[in-house]
Amino acid sequence: MSIGVIGAGKWGSALAFALSEKNSVLITSRTPRDLDNFVTLDEILECEYLVITVPAQQIAGWLEENFVFKNQKILVASKGIEATSGKFLNEIYEKYVPDENIAFLSGPSFASEVMQSLPTALVINSSNEKLAQELGGLFPSFIKTYTSDDVTGAEVCGAYKNVIAIAAGICNGLELGNNAAAALISRGLVEMQRFGIAYGAKEESFIGLSGAGDLFLTASSPMSRNFRVGIGLAKGRTQKEILEALGEVAEGIGTAYALQDISAKHGLYLPIAREVYLTLEGKNPHESLKDLLTK
C-alpha cells in the first residue's frame, strides 16, 4: 500500500516507522529532512492513504494553503481543539474531506515507545466502518487496533486529556503527592466525560482506550509534553520559556484556551480546565491546585 505521512515530527516519524512494517511509506513536512523516504508534498498527495499529524492550531491554515483532495483515504493523527474558533478537528476537516474518506486516531501512545516497537493499542474512529477496518489493517504486528464510530468522543478525549495532563504536571511539580494526583486525574476524567456528553459523545468512549487509557498515560509521565508544561508552570516558568525548552508543540495549551471560551459561551462547568487556563495566564499554580483540591 502507498501511504504518505504529513508531518515529520516525533509522532509522524513514529507512525511512518510503524506503518512501514507492511507498507511503502513516504513522509514530508514543512522543514526538509535528511530521510531516505522524504519527498515533496505534491508526491505525498498522490498516495492512496494519508496520515496527517499537523497540529490542531495549524491545521486550518495548512489545509487552506496546501491540501488538494484526490479521493485519498485519510487518518488524522493529531489531537486538540482550535483555540481561535473552538472547532474540533473533524469540524475543520469537513470543509476539505467527505466523512466517508476520513478517520481519527486515538488512544495511549508515546512516540518513543512506538519507535521501539513496544506493544500499543489504538482506536480508529470513523463514521465509515469499512474505512476504519481498512486503515486498521495497515498497522504493524505490535499495534493492536480497535474501531469506533464515536468521532466526537475520540476528539473530546484526545483534546481534553492534554489539559488534564498539564494540571497533573503542576501537581507533580508542586510535589503534592500521589493521593492528590489520583484525585485530580480521576476528577479530570469525570470532567471531560461531562463535557463530551454535552456534545453528543458516547459515555463508553471515556472509559476505554481513547478516554481513560490516553488520559492515564498522558497525565502520569514526564514523557508527555503537556505533563512537562505543567511541571514548568509549577516551577514558575513562563509559557515562552516552557515552549522554548520543549522545542515541540504542546496541544494542551491551545486547547485550554479553547475550553475557556467554550465554557464562557455555553455555561459549562469545567473547573480543572479553567484553573489550567488561569495558570497559563499567570495565576499562582499553588493557588490553582489549592482551589481545585479544597473546594
# chains A, B, ... in the order shown; residues from 1 in each chain; ligands from 1

call {"tool": "residues_around", "arguments": {"residues": "segment 150-154 of chain A", "least_positions_apart": "2", "cutoff": "6 Å", "atoms": "only C-alpha atoms", "output": "PDB file with all heavy atoms, in the first residue's frame"}}
result
ATOM      1  N   ASN A 125     -11.299   5.864  14.638  1.00  0.00           N
ATOM      2  CA  ASN A 125     -12.670   6.354  14.782  1.00  0.00           C
ATOM      3  C   ASN A 125     -13.152   6.955  13.459  1.00  0.00           C
ATOM      4  O   ASN A 125     -12.520   7.864  12.914  1.00  0.00           O
ATOM      5  CB  ASN A 125     -12.714   7.439  15.865  1.00  0.00           C
ATOM      6  CG  ASN A 125     -12.119   6.965  17.174  1.00  0.00           C
ATOM      7  OD1 ASN A 125     -12.811   6.408  18.010  1.00  0.00           O
ATOM      8  ND2 ASN A 125     -10.808   7.184  17.351  1.00  0.00           N
ATOM      9  N   SER A 126     -14.284   6.454  12.968  1.00  0.00           N
ATOM     10  CA  SER A 126     -14.808   6.955  11.704  1.00  0.00           C
ATOM     11  C   SER A 126     -16.287   6.621  11.585  1.00  0.00           C
ATOM     12  O   SER A 126     -16.745   5.600  12.118  1.00  0.00           O
ATOM     13  CB  SER A 126     -14.042   6.337  10.527  1.00  0.00           C
ATOM     14  OG  SER A 126     -14.555   6.767   9.293  1.00  0.00           O
ATOM     15  N   SER A 148     -14.200   2.436  16.132  1.00  0.00           N
ATOM     16  CA  SER A 148     -15.338   3.074  16.796  1.00  0.00           C
ATOM     17  C   SER A 148     -15.951   4.085  15.829  1.00  0.00           C
ATOM     18  O   SER A 148     -15.243   4.656  14.994  1.00  0.00           O
ATOM     19  CB  SER A 148     -14.882   3.796  18.073  1.00  0.00           C
ATOM     20  OG  SER A 148     -15.920   4.608  18.599  1.00  0.00           O
ATOM     21  N   VAL A 156     -13.007  14.687  21.695  1.00  0.00           N
ATOM     22  CA  VAL A 156     -13.033  15.292  23.026  1.00  0.00           C
ATOM     23  C   VAL A 156     -11.952  14.680  23.910  1.00  0.00           C
ATOM     24  O   VAL A 156     -11.188  15.396  24.576  1.00  0.00           O
ATOM     25  CB  VAL A 156     -14.423  15.116  23.684  1.00  0.00           C
ATOM     26  CG1 VAL A 156     -14.384  15.540  25.148  1.00  0.00           C
ATOM     27  CG2 VAL A 156     -15.471  15.938  22.934  1.00  0.00           C
ATOM     28  N   CYS A 157     -11.870  13.357  23.922  1.00  0.00           N
ATOM     29  CA  CYS A 157     -10.864  12.684  24.755  1.00  0.00           C
ATOM     30  C   CYS A 157      -9.447  13.110  24.371  1.00  0.00           C
ATOM     31  O   CYS A 157      -8.628  13.450  25.236  1.00  0.00           O
ATOM     32  CB  CYS A 157     -10.991  11.166  24.614  1.00  0.00           C
ATOM     33  SG  CYS A 157     -12.486  10.458  25.330  1.00  0.00           S
ATOM     34  N   GLY A 158      -9.161  13.081  23.081  1.00  0.00           N
ATOM     35  CA  GLY A 158      -7.817  13.392  22.620  1.00  0.00           C
ATOM     36  C   GLY A 158      -7.393  14.810  22.930  1.00  0.00           C
ATOM     37  O   GLY A 158      -6.213  15.072  23.200  1.00  0.00           O
ATOM     38  N   ALA A 201     -21.162  12.903  22.640  1.00  0.00           N
ATOM     39  CA  ALA A 201     -20.253  11.755  22.669  1.00  0.00           C
ATOM     40  C   ALA A 201     -20.887  10.605  23.446  1.00  0.00           C
ATOM     41  O   ALA A 201     -21.779  10.796  24.268  1.00  0.00           O
ATOM     42  CB  ALA A 201     -18.926  12.148  23.308  1.00  0.00           C
ATOM     43  N   SER A 205     -16.933   5.734  25.490  1.00  0.00           N
ATOM     44  CA  SER A 205     -15.649   6.170  24.921  1.00  0.00           C
ATOM     45  C   SER A 205     -14.695   6.675  25.996  1.00  0.00           C
ATOM     46  O   SER A 205     -13.470   6.608  25.831  1.00  0.00           O
ATOM     47  CB  SER A 205     -15.873   7.270  23.882  1.00  0.00           C
ATOM     48  OG  SER A 205     -16.574   6.771  22.764  1.00  0.00           O
ATOM     49  N   SER A 210      -9.480   5.450  24.233  1.00  0.00           N
ATOM     50  CA  SER A 210      -9.479   6.860  23.823  1.00  0.00           C
ATOM     51  C   SER A 210      -9.567   7.803  25.010  1.00  0.00           C
ATOM     52  O   SER A 210      -8.978   8.892  24.983  1.00  0.00           O
ATOM     53  CB  SER A 210     -10.656   7.139  22.877  1.00  0.00           C
ATOM     54  OG  SER A 210     -10.557   6.368  21.702  1.00  0.00           O
TER      55      SER A 210
END

call {"tool": "residues_around", "arguments": {"residues": "segment 216-232 of chain A", "least_positions_apart": "5", "cutoff": "7 Å", "atoms": "only C-alpha atoms", "output": "mmCIF file with N, CA, C and O atoms, in the first residue's frame"}}
result
data_model
loop_
_atom_site.group_PDB
_atom_site.id
_atom_site.type_symbol
_atom_site.label_atom_id
_atom_site.label_comp_id
_atom_site.auth_asym_id
_atom_site.auth_seq_id
_atom_site.Cartn_x
_atom_site.Cartn_y
_atom_site.Cartn_z
ATOM 1 N N PRO A 108 -3.753 5.608 23.926
ATOM 2 C CA PRO A 108 -2.491 5.898 24.611
ATOM 3 C C PRO A 108 -1.279 5.502 23.773
ATOM 4 O O PRO A 108 -1.114 4.335 23.416
ATOM 5 N N ASN A 162 -5.071 16.356 27.277
ATOM 6 C CA ASN A 162 -3.848 17.157 27.306
ATOM 7 C C ASN A 162 -3.931 18.282 28.331
ATOM 8 O O ASN A 162 -2.933 18.657 28.948
ATOM 9 N N ILE A 164 -5.820 18.117 31.134
ATOM 10 C CA ILE A 164 -5.718 17.449 32.427
ATOM 11 C C ILE A 164 -4.260 17.079 32.706
ATOM 12 O O ILE A 164 -3.795 17.137 33.859
ATOM 13 N N ALA A 165 -3.524 16.724 31.670
ATOM 14 C CA ALA A 165 -2.106 16.386 31.840
ATOM 15 C C ALA A 165 -1.301 17.592 32.312
ATOM 16 O O ALA A 165 -0.358 17.442 33.098
ATOM 17 N N ILE A 166 -1.644 18.777 31.850
ATOM 18 C CA ILE A 166 -0.963 19.984 32.341
ATOM 19 C C ILE A 166 -1.236 20.144 33.831
ATOM 20 O O ILE A 166 -0.326 20.410 34.625
ATOM 21 N N ALA A 167 -2.497 19.957 34.225
ATOM 22 C CA ALA A 167 -2.853 20.061 35.645
ATOM 23 C C ALA A 167 -2.093 19.017 36.460
ATOM 24 O O ALA A 167 -1.585 19.307 37.560
ATOM 25 N N ALA A 168 -1.985 17.799 35.934
ATOM 26 C CA ALA A 168 -1.262 16.739 36.643
ATOM 27 C C ALA A 168 0.224 17.069 36.753
ATOM 28 O O ALA A 168 0.867 16.767 37.768
ATOM 29 N N GLY A 169 0.770 17.692 35.710
ATOM 30 C CA GLY A 169 2.171 18.110 35.754
ATOM 31 C C GLY A 169 2.402 19.177 36.810
ATOM 32 O O GLY A 169 3.428 19.173 37.505
ATOM 33 N N ILE A 170 1.446 20.083 36.959
ATOM 34 C CA ILE A 170 1.534 21.100 38.015
ATOM 35 C C ILE A 170 1.533 20.425 39.382
ATOM 36 O O ILE A 170 2.343 20.745 40.259
ATOM 37 N N ASN A 172 2.463 17.439 40.105
ATOM 38 C CA ASN A 172 3.748 16.769 40.278
ATOM 39 C C ASN A 172 4.852 17.764 40.607
ATOM 40 O O ASN A 172 5.663 17.548 41.513
ATOM 41 N N GLY A 173 4.869 18.878 39.887
ATOM 42 C CA GLY A 173 5.902 19.887 40.094
ATOM 43 C C GLY A 173 5.833 20.530 41.467
ATOM 44 O O GLY A 173 6.860 20.946 42.022
ATOM 45 N N ARG A 237 7.913 29.039 35.570
ATOM 46 C CA ARG A 237 8.379 29.436 34.242
ATOM 47 C C ARG A 237 7.222 29.983 33.409
ATOM 48 O O ARG A 237 6.062 29.604 33.605
ATOM 49 N N ILE A 242 8.813 27.725 28.700
ATOM 50 C CA ILE A 242 8.473 26.304 28.673
ATOM 51 C C ILE A 242 8.517 25.765 27.241
ATOM 52 O O ILE A 242 9.098 24.710 26.972
ATOM 53 N N ALA A 250 2.836 21.738 22.320
ATOM 54 C CA ALA A 250 2.075 21.142 23.427
ATOM 55 C C ALA A 250 0.613 21.524 23.219
ATOM 56 O O ALA A 250 0.199 22.650 23.510
ATOM 57 N N GLY A 252 -2.089 20.927 24.643
ATOM 58 C CA GLY A 252 -2.944 21.267 25.780
ATOM 59 C C GLY A 252 -3.051 22.757 26.025
ATOM 60 O O GLY A 252 -4.052 23.225 26.580
#

call {"tool": "select_by_dssp", "arguments": {"residues": "segment 61-91 of chain A", "states": "alpha helix (DSSP H)", "output": "number ranges by chain"}}
result
A: 61-66, 89-91

call {"tool": "residues_around", "arguments": {"residues": "segment 24-27 of chain A", "least_positions_apart": "3", "cutoff": "12 Å", "atoms": "only C-alpha atoms", "output": "number ranges by chain"}}
result
A: 1-9, 11-21, 30-53, 138-139

call {"tool": "atom_distance", "arguments": {"atom1": "atom CA of Pro285 of chain A", "atom2": "atom CA of Ile197 of chain A"}}
result
28.9 Å

call {"tool": "closest_residue", "arguments": {"among": "A:Asn71, A:Leu174, A:Leu189, A:Trp62", "to": "Glu287 of chain A", "atoms": "only C-alpha atoms"}}
result
A:Leu174

call {"tool": "residues_around", "arguments": {"residues": "segment 127-133 of chain A", "least_positions_apart": "2", "cutoff": "7 Å", "atoms": "only C-alpha atoms", "output": "list in words"}}
result
Asp99, Glu100, Ala103, Ile124, Asn125, Leu135, Gly136, Gly137, Thr147 and Asp149 of chain A

call {"tool": "closest_residue", "arguments": {"among": "A:Gly177, A:Gly247, A:Gly282, A:Gly107", "to": "Lys10 of chain A", "atoms": "only C-alpha atoms"}}
result
A:Gly247

call {"tool": "atom_distance", "arguments": {"atom1": "atom CA of Phe195 of chain A", "atom2": "atom CA of Ile262 of chain A"}}
result
10.2 Å
